[in-house]
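> Here you go, model.cif (mmCIF, C-alpha atoms and all ligand atoms):
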data_run
loop_
_atom_site.label_atom_id
_atom_site.label_comp_id
_atom_site.auth_asym_id
_atom_site.auth_seq_id
_atom_site.Cartn_x
_atom_site.Cartn_y
_atom_site.Cartn_z
CA MET A 2 -13.86 22.00 -5.96
CA TYR A 3 -15.47 18.92 -7.60
CA PRO A 4 -13.18 16.09 -8.77
CA MET A 5 -12.91 15.83 -12.57
CA ALA A 6 -15.26 13.37 -14.26
CA VAL A 7 -13.73 9.91 -14.61
CA SER A 8 -15.12 7.31 -17.02
CA LEU A 9 -15.77 3.84 -15.63
CA PRO A 10 -12.58 2.33 -14.19
CA LEU A 11 -11.62 -1.22 -15.20
CA TYR A 12 -9.66 -3.53 -12.92
CA ARG A 13 -7.22 -6.27 -13.88
CA ASP A 14 -4.19 -8.15 -12.57
CA ALA A 15 -1.04 -6.12 -13.03
CA ARG A 16 1.43 -7.14 -15.77
CA LYS A 17 5.19 -6.91 -15.89
CA ALA A 18 4.86 -4.03 -18.34
CA ASP A 19 3.04 -2.05 -15.61
CA ALA A 20 6.12 -2.11 -13.35
CA ARG A 21 7.00 1.58 -13.73
CA ALA A 22 3.50 2.80 -12.89
CA LEU A 23 3.43 0.34 -9.98
CA ALA A 24 6.68 1.80 -8.64
CA GLN A 25 5.25 5.33 -8.95
CA LEU A 26 2.13 4.27 -7.06
CA ILE A 27 4.14 2.41 -4.39
CA GLU A 28 6.04 5.65 -3.84
CA ILE A 29 2.73 7.54 -3.48
CA ALA A 30 1.46 4.94 -0.98
CA GLY A 31 4.76 4.91 0.93
CA GLU A 32 4.96 8.71 0.92
CA GLY A 33 8.72 9.11 0.61
CA ILE A 34 10.00 5.93 2.22
CA PRO A 35 10.25 3.85 -1.00
CA THR A 36 12.21 6.54 -2.85
CA TYR A 37 14.50 6.98 0.15
CA LEU A 38 15.25 3.22 0.19
CA TRP A 39 15.50 2.82 -3.59
CA ALA A 40 17.84 5.82 -3.85
CA GLN A 41 20.32 3.93 -1.64
CA ARG A 42 20.48 1.17 -4.26
CA ALA A 43 20.54 3.48 -7.29
CA GLY A 44 23.95 3.74 -8.86
CA GLU A 45 25.36 5.58 -11.80
CA GLY A 46 22.73 6.22 -14.46
CA ARG A 47 19.97 4.59 -12.42
CA THR A 48 17.33 6.60 -10.61
CA ALA A 49 15.39 5.54 -7.51
CA LEU A 50 12.39 5.00 -9.78
CA ASP A 51 14.46 2.67 -12.00
CA VAL A 52 15.26 0.59 -8.93
CA GLY A 53 11.59 0.56 -7.90
CA THR A 54 10.60 -0.48 -11.42
CA GLU A 55 13.06 -3.40 -11.38
CA ARG A 56 11.75 -4.47 -8.02
CA ALA A 57 8.12 -4.33 -9.17
CA ALA A 58 9.04 -6.46 -12.21
CA ARG A 59 10.33 -9.33 -10.04
CA GLU A 60 8.50 -12.64 -10.17
CA ASP A 61 9.03 -14.03 -6.70
CA ALA A 62 8.94 -11.22 -4.13
CA ASN A 63 6.09 -9.76 -2.11
CA PHE A 64 6.63 -6.48 -3.94
CA SER A 65 5.99 -7.99 -7.36
CA TYR A 66 3.55 -7.10 -10.10
CA ARG A 67 2.17 -10.62 -9.48
CA ASN A 68 0.62 -9.40 -6.20
CA ALA A 69 -0.82 -6.24 -7.70
CA VAL A 70 -4.14 -5.23 -9.23
CA VAL A 71 -4.41 -2.08 -11.31
CA ALA A 72 -7.33 0.24 -11.97
CA ARG A 73 -7.39 1.64 -15.49
CA VAL A 74 -9.27 4.64 -16.79
CA GLU A 75 -9.37 5.20 -20.55
CA GLY A 76 -6.40 2.87 -21.01
CA LYS A 77 -4.22 4.62 -18.41
CA ILE A 78 -3.26 3.23 -15.02
CA ALA A 79 -5.10 5.23 -12.37
CA GLY A 80 -4.46 3.25 -9.20
CA MET A 81 -3.08 0.12 -7.66
CA LEU A 82 -3.48 -2.40 -4.85
CA LEU A 83 -0.52 -4.51 -3.68
CA ALA A 84 -1.73 -7.24 -1.33
CA TYR A 85 -0.83 -10.83 -0.43
CA PRO A 86 -0.97 -13.38 2.42
CA LEU A 87 1.61 -12.41 5.01
CA PRO A 88 3.91 -15.26 5.99
CA ALA A 89 4.99 -15.72 9.62
CA PRO A 90 8.36 -14.04 10.20
CA SER A 91 11.34 -16.38 9.94
CA ALA A 92 13.75 -16.77 12.86
CA GLN A 93 16.24 -14.73 10.83
CA GLU A 94 13.74 -11.89 10.28
CA LEU A 95 13.00 -11.78 13.99
CA ALA A 96 16.70 -11.74 14.80
CA ASP A 97 17.26 -8.91 12.27
CA LEU A 98 14.54 -6.71 13.77
CA PRO A 99 16.64 -4.77 16.33
CA GLY A 100 19.16 -3.86 13.60
CA LEU A 101 16.62 -2.40 11.16
CA PRO A 102 16.72 1.36 10.51
CA PRO A 103 14.46 3.14 13.07
CA LEU A 104 12.37 4.34 10.14
CA LEU A 105 11.38 0.79 9.22
CA ARG A 106 11.37 -1.04 12.54
CA PRO A 107 7.84 -0.05 13.71
CA LEU A 108 6.38 -1.01 10.33
CA VAL A 109 8.07 -4.41 10.31
CA GLU A 110 7.16 -5.02 13.96
CA LEU A 111 3.49 -4.47 13.15
CA GLU A 112 3.72 -6.77 10.10
CA HIS A 113 4.97 -9.50 12.41
CA CYS A 114 1.82 -9.11 14.57
CA VAL A 115 -0.53 -10.38 11.84
CA PRO A 116 0.97 -13.49 10.20
CA GLY A 117 -1.50 -15.29 7.97
CA SER A 118 -3.53 -12.16 7.29
CA PHE A 119 -4.08 -10.86 3.77
CA TYR A 120 -1.87 -7.80 3.95
CA VAL A 121 -2.74 -4.64 2.04
CA ASN A 122 0.85 -3.47 1.64
CA ALA A 123 0.07 -0.53 -0.64
CA LEU A 124 -3.00 1.24 -1.97
CA ALA A 125 -2.67 4.33 -4.13
CA VAL A 126 -4.56 6.30 -6.75
CA PHE A 127 -2.96 9.01 -8.90
CA PRO A 128 -4.27 12.44 -7.74
CA PRO A 129 -6.49 13.25 -10.75
CA TYR A 130 -8.47 10.05 -10.24
CA ARG A 131 -9.09 10.31 -6.49
CA GLY A 132 -12.51 10.65 -4.92
CA HIS A 133 -14.28 8.44 -7.50
CA GLY A 134 -14.43 5.18 -5.58
CA ILE A 135 -11.31 3.56 -7.07
CA GLY A 136 -9.58 3.14 -3.68
CA GLY A 137 -12.74 1.62 -2.19
CA ALA A 138 -13.18 -0.72 -5.19
CA LEU A 139 -9.55 -1.89 -4.85
CA LEU A 140 -10.23 -2.66 -1.17
CA ASP A 141 -13.27 -4.72 -2.24
CA ILE A 142 -10.95 -6.67 -4.57
CA ALA A 143 -8.55 -7.21 -1.64
CA LEU A 144 -11.44 -8.73 0.32
CA GLU A 145 -12.32 -11.10 -2.55
CA ARG A 146 -8.70 -12.17 -2.86
CA ALA A 147 -8.33 -12.70 0.88
CA ARG A 148 -11.28 -15.08 0.72
CA GLN A 149 -9.83 -16.90 -2.32
CA ALA A 150 -6.55 -17.25 -0.41
CA ARG A 151 -8.53 -18.55 2.63
CA CYS A 152 -7.16 -15.83 4.90
CA GLN A 153 -9.46 -15.15 7.82
CA ARG A 154 -8.59 -11.48 8.08
CA LEU A 155 -7.07 -8.58 6.20
CA SER A 156 -4.53 -6.15 7.57
CA VAL A 157 -3.20 -2.74 6.63
CA GLN A 158 -0.93 -0.12 8.17
CA VAL A 159 -1.60 3.59 8.01
CA PHE A 160 0.13 6.60 9.48
CA ALA A 161 -2.17 8.18 12.08
CA GLU A 162 -1.75 11.58 10.42
CA ASN A 163 -2.94 10.25 7.03
CA GLU A 164 -6.52 11.13 7.92
CA GLY A 165 -7.99 10.64 4.44
CA ALA A 166 -6.70 7.07 4.08
CA LEU A 167 -7.61 6.30 7.70
CA ARG A 168 -11.19 7.41 7.00
CA LEU A 169 -11.34 5.19 3.93
CA TYR A 170 -10.14 2.12 5.88
CA LEU A 171 -12.58 2.79 8.74
CA ARG A 172 -15.42 3.14 6.24
CA SER A 173 -14.34 -0.16 4.65
CA GLY A 174 -14.63 -1.95 8.01
CA TYR A 175 -11.01 -1.95 9.22
CA ARG A 176 -10.40 -1.31 12.92
CA VAL A 177 -7.23 -0.28 14.75
CA ILE A 178 -5.78 -3.19 16.75
CA ASP A 179 -2.25 -1.98 17.50
CA ARG A 180 0.05 1.00 17.02
CA ARG A 181 3.71 2.00 17.25
CA PRO A 182 5.39 5.38 17.64
CA ILE A 183 7.39 6.41 14.57
CA VAL A 184 10.49 8.52 14.23
CA ALA A 185 10.39 11.76 12.28
CA HIS A 186 12.52 11.57 9.13
CA HIS A 187 13.20 14.02 6.31
CA CYS A 188 11.91 11.54 3.70
CA TYR A 189 8.28 11.48 4.87
CA PRO A 190 5.76 13.94 6.33
CA TYR A 191 4.75 12.05 9.49
CA SER A 192 6.04 11.97 13.05
CA THR A 193 3.50 10.49 15.44
CA GLU A 194 2.31 6.89 15.05
CA VAL A 195 1.66 4.09 12.62
CA LEU A 196 -1.57 2.15 13.13
CA LEU A 197 -2.21 -1.52 12.43
CA MET A 198 -5.77 -2.14 11.26
CA THR A 199 -7.54 -5.41 10.55
CA LYS A 200 -10.86 -6.54 9.18
CA SER A 201 -12.48 -9.97 9.15
CA ALA A 202 -12.66 -11.57 5.70
CA ALA A 203 -16.08 -12.92 6.69
CA ASP A 204 -17.70 -9.46 6.92
C1 LIG B 1 -6.23 6.85 -0.03
C2 LIG B 1 -6.50 6.73 -1.55
C3 LIG B 1 -5.94 5.41 -2.06
C4 LIG B 1 -8.01 6.76 -1.75
O1 LIG B 1 -8.29 6.53 -3.12
P1 LIG B 1 -9.62 7.11 -3.79
O2 LIG B 1 -9.80 6.47 -5.10
O3 LIG B 1 -9.62 8.58 -3.71
O4 LIG B 1 -10.69 6.51 -2.74
P2 LIG B 1 -12.26 6.52 -2.89
O5 LIG B 1 -12.72 7.46 -3.95
O6 LIG B 1 -12.74 5.11 -2.94
O7 LIG B 1 -12.67 7.07 -1.48
C5 LIG B 1 -12.38 8.43 -1.18
C6 LIG B 1 -11.90 8.45 0.22
O8 LIG B 1 -10.49 8.35 0.22
C7 LIG B 1 -9.96 9.21 1.18
N1 LIG B 1 -9.05 10.16 0.56
C8 LIG B 1 -7.80 10.34 0.97
N2 LIG B 1 -7.18 11.26 0.25
C9 LIG B 1 -8.05 11.69 -0.70
C10 LIG B 1 -7.97 12.63 -1.76
N3 LIG B 1 -6.87 13.35 -1.99
N4 LIG B 1 -9.06 12.81 -2.55
C11 LIG B 1 -10.19 12.10 -2.32
N5 LIG B 1 -10.30 11.18 -1.33
C12 LIG B 1 -9.25 10.97 -0.52
C13 LIG B 1 -11.13 9.85 1.88
O9 LIG B 1 -11.43 9.00 2.99
C14 LIG B 1 -12.22 9.75 0.89
O10 LIG B 1 -13.42 9.59 1.55
P3 LIG B 1 -14.28 10.83 2.07
O11 LIG B 1 -15.27 11.00 1.00
O12 LIG B 1 -14.81 10.31 3.35
O13 LIG B 1 -13.36 12.00 2.24
C15 LIG B 1 -5.89 7.92 -2.34
O14 LIG B 1 -6.34 9.12 -1.76
C16 LIG B 1 -4.37 7.93 -2.34
O15 LIG B 1 -3.75 7.35 -3.21
N6 LIG B 1 -3.79 8.62 -1.36
C17 LIG B 1 -2.32 8.71 -1.25
C18 LIG B 1 -1.73 7.36 -0.89
C19 LIG B 1 -2.21 6.87 0.43
O16 LIG B 1 -2.37 7.60 1.40
N7 LIG B 1 -2.44 5.54 0.47
C20 LIG B 1 -2.80 4.85 1.67
C21 LIG B 1 -1.54 4.54 2.39
S1 LIG B 1 -1.89 3.58 3.80
#
How does this structure look as structure tokens?

Amino acid sequence: MYPMAVSLPLYRDARKADARALAQLIEIAGEGIPTYLWAQRAGEGRTALDVGTERAAREDANFSYRNAVVARVEGKIAGMLLAYPLPAPSAQELADLPGLPPLLRPLVELEHCVPGSFYVNALAVFPPYRGHGIGGALLDIALERARQARCQRLSVQVFAENEGALRLYLRSGYRVIDRRPIVAHHCYPYSTEVLLMTKSAAD
């Protein structure tokens, strides 16, 4: 089946008003984990997506609309990149590591391996818009931003079983430098490994 025709996508910095679409796309990129975590904070009358939306609307967190770029097609948000320079872990973060839920620990451990890199935390495109180069174009924007931020390399994590995304990162020049086993969990469809990939910002 051929993907539907998509008119030329436009790219811009995300705005606070995009927070709900950003949360939806973060959930697509995180494949169940974000909703699982947000649901734990959702109270009466608030859904997991409401929590994600509030978090995306923050000004001063890594997961903030300020670190996101959106792709738009005919005025609608079609995809998103969330990426930023990764700070070195604090002593407190390192001390907290053993107590993290087993679901998160491998992901956080790998983040700690690449301080100073420009970290592609989330990349997602809504299903109807896939296969038209939007994901690849967002990765090109990540490269530009890494250079502007004077980061020498970019990093990304991908579940080994997410073959489509893995292919896209390989094609974009990322290479696997480390990996961790993951635990199976009802909230996401994977059970083998998470891969840490990097790419030089000079390439
Ligand atoms: C991975 C993703 C961002 C790619 O976006 P995209 O706009 O379709 O990407 P492009 O058109 O630039 O490139 C297409 C490539 O994406 C990959 N891909 C993954 N899933 C795909 C899908 N459902 N449809 C089309 N391409 C897909 C393939 O590698 C494809 O290349 P191919 O031609 O070699 O098969 C998108 O499929 C997506 O949102 N997937 C779910 C979220 C996800 O897995 N994010 C990455 C988490 S690490």
> Counting only C-alpha atoms, which residue out of A:Phe64, A:Tyr191, A:Tyr12, A:Trp39 sits closest to Ala79 (chain A)?
A:Tyr12
> Using only C-alpha atoms, pick whichever of A:Leu105, A:Val52, A:Leu155, A:Leu83 has the shortest atom-to-atom distance to Ala202 (chain A).
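Distance minimum relative to Ala202 (chain A) lands on A:Leu155.
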> Provide the atom C7 of ligand LIG 1 (chain B) to CA of Leu26 (chain A) distance in Å, to one decimal place.
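The value is 15.4 Å.
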> Write out as a list in words which residues come within 8 Å of region 98-104 of chain A when counting all atoms listed in the file, dropping same-chain ones fewer than 5 positions away.
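Surrounding residues, per the criterion: Val109, Glu110, Ile183, Val184, Ala185 and His186 of chain A.
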> What are the closest atom pairs, with distances in Å to one decimal, for all residues of chain A lying within 10 Å of ligand LIG 1 (chain B)? Consider only C-alpha atoms and all ligand atoms, order rows by chain and residue number, and present the result as a tab-separated table.

residue	atom	partner	partner_atom	distance
A:Pro4	CA	B:LIG1	N4	8.1
A:Leu26	CA	B:LIG1	O15	7.7
A:Ile27	CA	B:LIG1	C18	8.4
A:Glu28	CA	B:LIG1	C18	8.5
A:Ile29	CA	B:LIG1	C18	5.2
A:Ala30	CA	B:LIG1	C18	4.0
A:Gly31	CA	B:LIG1	C21	6.5
A:Glu32	CA	B:LIG1	C18	7.1
A:Ala72	CA	B:LIG1	O2	9.6
A:Ala79	CA	B:LIG1	O2	8.7
A:Gly80	CA	B:LIG1	O15	7.3
A:Met81	CA	B:LIG1	C3	8.2
A:Leu82	CA	B:LIG1	C3	8.7
A:Val121	CA	B:LIG1	S1	8.4
A:Asn122	CA	B:LIG1	S1	7.9
A:Ala123	CA	B:LIG1	C21	6.1
A:Leu124	CA	B:LIG1	N7	5.0
A:Ala125	CA	B:LIG1	O15	3.3
A:Val126	CA	B:LIG1	O15	3.8
A:Phe127	CA	B:LIG1	O15	6.0
A:Pro128	CA	B:LIG1	N3	6.4
A:Pro129	CA	B:LIG1	N4	8.6
A:Tyr130	CA	B:LIG1	O2	6.4
A:Arg131	CA	B:LIG1	O3	3.3
A:Gly132	CA	B:LIG1	O5	3.3
A:His133	CA	B:LIG1	O5	4.0
A:Gly134	CA	B:LIG1	O6	3.1
A:Ile135	CA	B:LIG1	O2	3.8
A:Gly136	CA	B:LIG1	O2	3.6
A:Gly137	CA	B:LIG1	O6	3.6
A:Ala138	CA	B:LIG1	O6	6.3
A:Leu139	CA	B:LIG1	O6	7.9
A:Leu140	CA	B:LIG1	O6	8.4
A:Asp141	CA	B:LIG1	O6	9.9
A:Val157	CA	B:LIG1	S1	7.0
A:Gln158	CA	B:LIG1	S1	5.8
A:Val159	CA	B:LIG1	S1	4.2
A:Phe160	CA	B:LIG1	S1	6.7
A:Ala161	CA	B:LIG1	S1	9.5
A:Glu162	CA	B:LIG1	O16	9.9
A:Asn163	CA	B:LIG1	O16	6.2
A:Glu164	CA	B:LIG1	C8	7.1
A:Gly165	CA	B:LIG1	C8	3.5
A:Ala166	CA	B:LIG1	C1	4.1
A:Leu167	CA	B:LIG1	O9	6.6
A:Arg168	CA	B:LIG1	O9	4.3
A:Leu169	CA	B:LIG1	O9	3.9
A:Tyr170	CA	B:LIG1	O9	7.6
A:Leu171	CA	B:LIG1	O9	8.5
A:Arg172	CA	B:LIG1	O12	7.8
A:Ser173	CA	B:LIG1	O6	9.4
A:Val195	CA	B:LIG1	S1	9.5
A:Leu196	CA	B:LIG1	S1	9.4
> Could you tell me how far CA of Leu111 (chain A) lies from CA of Arg181 (chain A), in Å and to one decimal?
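Going from CA of Leu111 (chain A) over to CA of Arg181 (chain A), I get 7.7 Å.
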> Separation of CA of Pro10 (chain A) and CA of Val71 (chain A), in Å?
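Separation between CA of Pro10 (chain A) and CA of Val71 (chain A): 9.7 Å.
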> List as JSON, numbers by chain the protein and nucleic acid residues near Asn63 (chain A), meaning an atom at most 12 Å away when all atoms listed in the file are counted, but skip any in the same chain fewer than 4 places from it.
{"A": [56, 57, 58, 59, 67, 68, 69, 83, 84, 85, 86, 87, 88, 119, 120, 121, 122, 123]}
> Do you have, as a Markdown table, the list of residues of region 60-110 of chain A lying at most 9 Å from region 18-21 of chain A, each with its nearest atom pair and that distance in Å to one decimal, counting all atoms listed in the file and ordered by chain then number?

| residue | atom | partner | partner_atom | distance |
| --- | --- | --- | --- | --- |
| A:Ser65 | CA | A:Ala20 | CA | 8.4 |
| A:Tyr66 | CA | A:Ala20 | CA | 6.5 |
| A:Val71 | CA | A:Asp19 | CA | 8.6 |
| A:Ile78 | CA | A:Asp19 | CA | 8.2 |
> Find, counting only C-alpha atoms, the residue in A:Pro182, A:Gly174, A:Gly44, A:Gly117 that gets nearest to Ala150 (chain A).
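Residue with the minimum atom-to-atom distance to Ala150 (chain A): A:Gly117.
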> Select, from A:Asp97, A:Arg47, A:Gly33, A:Lys17, the residue with the minimum atom-to-atom distance to Glu60 (chain A), counting only C-alpha atoms.
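Between A:Asp97, A:Arg47, A:Gly33, A:Lys17, the residue approaching Glu60 (chain A) most closely is A:Lys17.
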> Kindly complete region 169-196 of chain A to N, CA and C atoms; the output should be written as a PDB file, keeping the file's coordinate frame.

ATOM      1  N   LEU A 169     -10.948   6.191   4.930  1.00  0.00           N
ATOM      2  CA  LEU A 169     -11.340   5.190   3.930  1.00  0.00           C
ATOM      3  C   LEU A 169     -11.299   3.787   4.541  1.00  0.00           C
ATOM      4  N   TYR A 170     -10.237   3.463   5.284  1.00  0.00           N
ATOM      5  CA  TYR A 170     -10.140   2.120   5.880  1.00  0.00           C
ATOM      6  C   TYR A 170     -11.245   1.911   6.928  1.00  0.00           C
ATOM      7  N   LEU A 171     -11.514   2.922   7.731  1.00  0.00           N
ATOM      8  CA  LEU A 171     -12.580   2.790   8.740  1.00  0.00           C
ATOM      9  C   LEU A 171     -13.914   2.541   8.041  1.00  0.00           C
ATOM     10  N   ARG A 172     -14.154   3.297   6.970  1.00  0.00           N
ATOM     11  CA  ARG A 172     -15.420   3.140   6.240  1.00  0.00           C
ATOM     12  C   ARG A 172     -15.517   1.751   5.602  1.00  0.00           C
ATOM     13  N   SER A 173     -14.362   1.167   5.275  1.00  0.00           N
ATOM     14  CA  SER A 173     -14.340  -0.160   4.650  1.00  0.00           C
ATOM     15  C   SER A 173     -14.361  -1.269   5.695  1.00  0.00           C
ATOM     16  N   GLY A 174     -14.460  -0.926   6.975  1.00  0.00           N
ATOM     17  CA  GLY A 174     -14.630  -1.950   8.010  1.00  0.00           C
ATOM     18  C   GLY A 174     -13.367  -2.324   8.765  1.00  0.00           C
ATOM     19  N   TYR A 175     -12.249  -1.674   8.477  1.00  0.00           N
ATOM     20  CA  TYR A 175     -11.010  -1.950   9.220  1.00  0.00           C
ATOM     21  C   TYR A 175     -11.071  -1.248  10.583  1.00  0.00           C
ATOM     22  N   ARG A 176     -10.476  -1.897  11.582  1.00  0.00           N
ATOM     23  CA  ARG A 176     -10.400  -1.310  12.920  1.00  0.00           C
ATOM     24  C   ARG A 176      -8.970  -1.359  13.435  1.00  0.00           C
ATOM     25  N   VAL A 177      -8.603  -0.350  14.227  1.00  0.00           N
ATOM     26  CA  VAL A 177      -7.230  -0.280  14.750  1.00  0.00           C
ATOM     27  C   VAL A 177      -7.054  -1.322  15.842  1.00  0.00           C
ATOM     28  N   ILE A 178      -6.026  -2.189  15.699  1.00  0.00           N
ATOM     29  CA  ILE A 178      -5.780  -3.190  16.750  1.00  0.00           C
ATOM     30  C   ILE A 178      -4.431  -2.991  17.444  1.00  0.00           C
ATOM     31  N   ASP A 179      -3.553  -2.189  16.859  1.00  0.00           N
ATOM     32  CA  ASP A 179      -2.250  -1.980  17.500  1.00  0.00           C
ATOM     33  C   ASP A 179      -1.625  -0.721  16.905  1.00  0.00           C
ATOM     34  N   ARG A 180      -0.574  -0.236  17.489  1.00  0.00           N
ATOM     35  CA  ARG A 180       0.050   1.000  17.020  1.00  0.00           C
ATOM     36  C   ARG A 180       1.497   1.037  17.505  1.00  0.00           C
ATOM     37  N   ARG A 181       2.325   1.801  16.823  1.00  0.00           N
ATOM     38  CA  ARG A 181       3.710   2.000  17.250  1.00  0.00           C
ATOM     39  C   ARG A 181       4.081   3.465  17.021  1.00  0.00           C
ATOM     40  N   PRO A 182       4.869   4.038  17.930  1.00  0.00           N
ATOM     41  CA  PRO A 182       5.390   5.380  17.640  1.00  0.00           C
ATOM     42  C   PRO A 182       6.347   5.308  16.456  1.00  0.00           C
ATOM     43  N   ILE A 183       6.427   6.372  15.688  1.00  0.00           N
ATOM     44  CA  ILE A 183       7.390   6.410  14.570  1.00  0.00           C
ATOM     45  C   ILE A 183       8.390   7.530  14.805  1.00  0.00           C
ATOM     46  N   VAL A 184       9.508   7.440  14.113  1.00  0.00           N
ATOM     47  CA  VAL A 184      10.490   8.520  14.230  1.00  0.00           C
ATOM     48  C   VAL A 184      10.287   9.498  13.072  1.00  0.00           C
ATOM     49  N   ALA A 185      10.450  10.765  13.362  1.00  0.00           N
ATOM     50  CA  ALA A 185      10.390  11.760  12.280  1.00  0.00           C
ATOM     51  C   ALA A 185      11.600  11.543  11.374  1.00  0.00           C
ATOM     52  N   HIS A 186      11.418  11.764  10.092  1.00  0.00           N
ATOM     53  CA  HIS A 186      12.520  11.570   9.130  1.00  0.00           C
ATOM     54  C   HIS A 186      12.276  12.530   7.974  1.00  0.00           C
ATOM     55  N   HIS A 187      13.375  13.025   7.378  1.00  0.00           N
ATOM     56  CA  HIS A 187      13.200  14.020   6.310  1.00  0.00           C
ATOM     57  C   HIS A 187      12.498  13.446   5.082  1.00  0.00           C
ATOM     58  N   CYS A 188      12.459  12.099   4.948  1.00  0.00           N
ATOM     59  CA  CYS A 188      11.910  11.540   3.700  1.00  0.00           C
ATOM     60  C   CYS A 188      10.390  11.457   3.699  1.00  0.00           C
ATOM     61  N   TYR A 189       9.744  11.585   4.872  1.00  0.00           N
ATOM     62  CA  TYR A 189       8.280  11.480   4.870  1.00  0.00           C
ATOM     63  C   TYR A 189       7.661  12.505   5.831  1.00  0.00           C
ATOM     64  N   PRO A 190       6.354  12.788   5.623  1.00  0.00           N
ATOM     65  CA  PRO A 190       5.760  13.940   6.330  1.00  0.00           C
ATOM     66  C   PRO A 190       5.153  13.616   7.685  1.00  0.00           C
ATOM     67  N   TYR A 191       5.437  12.453   8.262  1.00  0.00           N
ATOM     68  CA  TYR A 191       4.750  12.050   9.490  1.00  0.00           C
ATOM     69  C   TYR A 191       5.703  11.931  10.663  1.00  0.00           C
ATOM     70  N   SER A 192       5.145  12.028  11.890  1.00  0.00           N
ATOM     71  CA  SER A 192       6.040  11.970  13.050  1.00  0.00           C
ATOM     72  C   SER A 192       5.371  11.436  14.308  1.00  0.00           C
ATOM     73  N   THR A 193       4.156  10.920  14.202  1.00  0.00           N
ATOM     74  CA  THR A 193       3.500  10.490  15.440  1.00  0.00           C
ATOM     75  C   THR A 193       3.463   8.962  15.578  1.00  0.00           C
ATOM     76  N   GLU A 194       2.533   8.323  14.841  1.00  0.00           N
ATOM     77  CA  GLU A 194       2.310   6.890  15.050  1.00  0.00           C
ATOM     78  C   GLU A 194       1.953   6.213  13.736  1.00  0.00           C
ATOM     79  N   VAL A 195       2.211   4.914  13.695  1.00  0.00           N
ATOM     80  CA  VAL A 195       1.660   4.090  12.620  1.00  0.00           C
ATOM     81  C   VAL A 195       0.666   3.136  13.261  1.00  0.00           C
ATOM     82  N   LEU A 196      -0.484   2.972  12.597  1.00  0.00           N
ATOM     83  CA  LEU A 196      -1.570   2.150  13.130  1.00  0.00           C
ATOM     84  C   LEU A 196      -1.658   0.841  12.353  1.00  0.00           C
TER      85      LEU A 196
END
